[in-house]
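J.: My questions will all concern the structure given below.
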Amino acid sequence: MCKGLATLPATCLKSAKDIKHKISFLLQKPEPQAADQKQMKEKSTTAAAKRVPNTAEVEKWKESFSHVLNSEMGRTVFTSFLKSEFSEENMDFWMACEDYKKTAPTKLATRAKQIYQKYIGADAPNEVNLDAATREKTRQNVENACPSCFDDAQKMIYTLMAKDSYRRFLKSKLIQDLCQQQSNAAREKKEKRSCDMTDSSQVLAGGA
């Protein structure tokens, strides 16, 4: 198998790499903005899931929870873990708060009400775990919507994820499987390099 690859013309190998690069680019191309935020998030998650995080990324995630949230791949993998615990609403809310801060001033009131009704209000379909004082303060803030009206609630959910879910995430089978995949990939890369070197030696020996 190694000899077969070694005997392919360089132009063929380059073309194959170019095609792979174009496919990867198309898969990672951002989806156009959609009205249904959940659908857009699912599409983004599916695209991100097509790439396996490298060793450096996973090691960063192990250092602190902030590294997980600062990484698009980290958020995708962590959300997958939360889904396994039926608590993905925490990440959804945190992300909604991040997006809210970028909302145009003319749309703040409408967007604030949507977030409140979805995650905080009475009978909210994706209710997050907030204490009564924070919940009431957020309700009052929403009445006079501003970019910071969800800050206290977002901070509380961040702390909840960091002290609870994140610790279990680090010990989860999901992280263990990723580390195993990386270990296997590194071993395969090493074996391929060894195989290529052997082929090269054989070619040189045959030409001598």
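In the structure tokens, the first chain shown is A, the next is B, and so on; residue numbers restart at 1 for each chain, and ligands run from 1 in the order shown.
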Would you list the contacts of Leu160 (chain A) as a list in words, taking every protein, DNA or RNA residue within 12 Å and counting only C-alpha atoms, but skipping same-chain residues closer than 2 positions in sequence?
T.: Phe65, Ser87, Asn90, Met91, Trp94, Val128, Asn129, Leu130, Asp131, Ala153, Gln154, Lys155, Met156, Ile157, Tyr158, Ala162, Lys163, Asp164, Ser165, Tyr166 and Arg167 of chain A
J.: Find, counting only C-alpha atoms, the residue in A:Cys149, A:His67, A:Lys137, A:Val77 that gets nearest to Val52 (chain A).
T.: A:Val77
J.: Using only C-alpha atoms, which of A:Ser148, A:Asn126, A:Ser172, A:Thr134 sits nearest Lys102 (chain A)?
T.: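 Looking at the shortest contact to Lys102 (chain A), the residue is A:Ser148.
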J.: Neighbours of Tyr119 (chain A) within 10 Å (only C-alpha atoms; same-chain residues fewer than 2 positions away dropped), as a list in words?
T.: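 Those residues are Glu89, Asn90, Asp92, Phe93, Ala96, Gln114, Ile115, Tyr116, Gln117, Gly121, Ala122, Asp123, Ala124, Pro125, Asn126, Glu127, Val128, Asn129 and Leu130 of chain A.
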J.: Could you write those residues out with all heavy atoms, as a compact mmCIF listing (two decimals), in the first residue's frame?
T.:
# COMPACT_ATOMS: atom_id res chain seq x y z
N GLU A 89 -29.29 23.54 27.80
CA GLU A 89 -29.88 24.87 27.88
C GLU A 89 -28.92 25.88 28.52
O GLU A 89 -28.98 27.08 28.24
CB GLU A 89 -31.21 24.85 28.65
CG GLU A 89 -31.11 24.60 30.15
CD GLU A 89 -31.03 23.12 30.49
OE1 GLU A 89 -31.08 22.29 29.56
OE2 GLU A 89 -30.92 22.81 31.69
N ASN A 90 -28.01 25.39 29.37
CA ASN A 90 -27.04 26.29 30.00
C ASN A 90 -26.12 26.92 28.96
O ASN A 90 -25.89 28.13 28.97
CB ASN A 90 -26.22 25.54 31.05
CG ASN A 90 -27.05 25.16 32.26
OD1 ASN A 90 -27.98 25.86 32.65
ND2 ASN A 90 -26.74 24.01 32.86
N ASP A 92 -26.73 27.03 25.72
CA ASP A 92 -27.59 27.79 24.80
C ASP A 92 -27.84 29.20 25.35
O ASP A 92 -27.79 30.18 24.61
CB ASP A 92 -28.92 27.07 24.59
CG ASP A 92 -28.77 25.79 23.79
OD1 ASP A 92 -27.71 25.61 23.15
OD2 ASP A 92 -29.70 24.97 23.80
N PHE A 93 -28.12 29.26 26.65
CA PHE A 93 -28.38 30.56 27.28
C PHE A 93 -27.12 31.42 27.28
O PHE A 93 -27.18 32.62 26.97
CB PHE A 93 -28.88 30.35 28.71
CG PHE A 93 -29.02 31.63 29.49
CD1 PHE A 93 -30.00 32.56 29.15
CD2 PHE A 93 -28.20 31.90 30.58
CE1 PHE A 93 -30.13 33.76 29.86
CE2 PHE A 93 -28.32 33.09 31.30
CZ PHE A 93 -29.29 34.02 30.93
N ALA A 96 -26.62 32.71 23.88
CA ALA A 96 -27.65 33.72 23.56
C ALA A 96 -27.28 35.06 24.18
O ALA A 96 -27.47 36.12 23.57
CB ALA A 96 -29.01 33.24 24.06
N GLN A 114 -37.33 37.94 24.18
CA GLN A 114 -37.28 36.57 23.64
C GLN A 114 -36.41 35.67 24.52
O GLN A 114 -36.78 34.54 24.84
CB GLN A 114 -36.73 36.60 22.22
CG GLN A 114 -37.67 37.22 21.20
CD GLN A 114 -37.01 37.37 19.83
OE1 GLN A 114 -35.79 37.30 19.70
NE2 GLN A 114 -37.83 37.58 18.81
N ILE A 115 -35.24 36.18 24.89
CA ILE A 115 -34.33 35.40 25.74
C ILE A 115 -34.94 35.13 27.11
O ILE A 115 -34.87 34.02 27.64
CB ILE A 115 -32.97 36.13 25.89
CG1 ILE A 115 -32.25 36.19 24.53
CG2 ILE A 115 -32.09 35.44 26.93
CD1 ILE A 115 -30.98 37.01 24.56
N TYR A 116 -35.56 36.16 27.66
CA TYR A 116 -36.18 36.01 28.98
C TYR A 116 -37.28 34.96 28.95
O TYR A 116 -37.35 34.08 29.83
CB TYR A 116 -36.76 37.35 29.45
CG TYR A 116 -37.43 37.28 30.80
CD1 TYR A 116 -36.68 37.34 31.97
CD2 TYR A 116 -38.81 37.11 30.89
CE1 TYR A 116 -37.28 37.24 33.21
CE2 TYR A 116 -39.42 37.01 32.13
CZ TYR A 116 -38.67 37.08 33.28
OH TYR A 116 -39.28 36.95 34.51
N GLN A 117 -38.13 35.02 27.95
CA GLN A 117 -39.24 34.08 27.85
C GLN A 117 -38.77 32.64 27.59
O GLN A 117 -39.40 31.69 28.03
CB GLN A 117 -40.20 34.52 26.74
CG GLN A 117 -40.95 35.80 27.06
CD GLN A 117 -41.81 36.28 25.90
OE1 GLN A 117 -41.65 35.83 24.75
NE2 GLN A 117 -42.72 37.21 26.18
N GLY A 121 -38.17 33.23 32.28
CA GLY A 121 -39.53 33.48 32.74
C GLY A 121 -40.29 32.26 33.22
O GLY A 121 -39.83 31.12 33.10
N ALA A 122 -41.46 32.51 33.80
CA ALA A 122 -42.32 31.42 34.27
C ALA A 122 -42.68 30.51 33.10
O ALA A 122 -43.05 30.98 32.03
CB ALA A 122 -43.58 31.99 34.90
N ASP A 123 -42.54 29.20 33.33
CA ASP A 123 -42.84 28.20 32.29
C ASP A 123 -41.96 28.34 31.06
O ASP A 123 -42.35 27.98 29.94
CB ASP A 123 -44.32 28.29 31.87
CG ASP A 123 -45.27 28.04 33.02
OD1 ASP A 123 -44.97 27.16 33.85
OD2 ASP A 123 -46.31 28.73 33.10
N ALA A 124 -40.74 28.87 31.23
CA ALA A 124 -39.80 28.98 30.11
C ALA A 124 -39.47 27.57 29.60
O ALA A 124 -39.19 26.68 30.39
CB ALA A 124 -38.52 29.68 30.56
N PRO A 125 -39.54 27.34 28.28
CA PRO A 125 -39.30 26.00 27.73
C PRO A 125 -37.90 25.47 27.98
O PRO A 125 -37.70 24.26 28.10
CB PRO A 125 -39.57 26.18 26.23
CG PRO A 125 -39.36 27.64 25.99
CD PRO A 125 -39.84 28.32 27.23
N ASN A 126 -36.90 26.36 28.06
CA ASN A 126 -35.51 25.96 28.32
C ASN A 126 -34.98 26.64 29.57
O ASN A 126 -33.89 27.22 29.56
CB ASN A 126 -34.62 26.30 27.11
CG ASN A 126 -35.04 25.55 25.86
OD1 ASN A 126 -35.51 24.43 25.92
ND2 ASN A 126 -34.88 26.18 24.72
N GLU A 127 -35.73 26.57 30.63
CA GLU A 127 -35.40 27.30 31.85
C GLU A 127 -34.05 26.90 32.44
O GLU A 127 -33.73 25.72 32.56
CB GLU A 127 -36.48 27.07 32.90
CG GLU A 127 -36.28 27.87 34.17
CD GLU A 127 -37.39 27.64 35.18
OE1 GLU A 127 -38.39 26.96 34.83
OE2 GLU A 127 -37.28 28.15 36.31
N VAL A 128 -33.25 27.92 32.77
CA VAL A 128 -31.95 27.68 33.41
C VAL A 128 -32.09 27.86 34.91
O VAL A 128 -33.04 28.47 35.40
CB VAL A 128 -30.87 28.65 32.85
CG1 VAL A 128 -30.57 28.33 31.40
CG2 VAL A 128 -31.30 30.10 33.00
N ASN A 129 -31.12 27.35 35.64
CA ASN A 129 -31.19 27.31 37.10
C ASN A 129 -30.62 28.59 37.71
O ASN A 129 -29.41 28.74 37.87
CB ASN A 129 -30.41 26.09 37.61
CG ASN A 129 -30.60 25.88 39.10
OD1 ASN A 129 -31.49 26.46 39.71
ND2 ASN A 129 -29.76 25.04 39.68
N LEU A 130 -31.50 29.52 38.07
CA LEU A 130 -31.11 30.78 38.70
C LEU A 130 -31.78 30.91 40.06
O LEU A 130 -32.87 30.39 40.26
CB LEU A 130 -31.52 31.97 37.82
CG LEU A 130 -30.93 32.05 36.41
CD1 LEU A 130 -31.59 33.18 35.63
CD2 LEU A 130 -29.42 32.27 36.47
J.: For CA of Met73 (chain A) and CA of Cys97 (chain A), determine how far apart the two atoms are, in Å to one decimal place.
T.: 18.8 Å
J.: Which value, in Å to one decimal, gives the distance between CA of Glu85 (chain A) and CA of Ala56 (chain A)?
T.: 25.9 Å
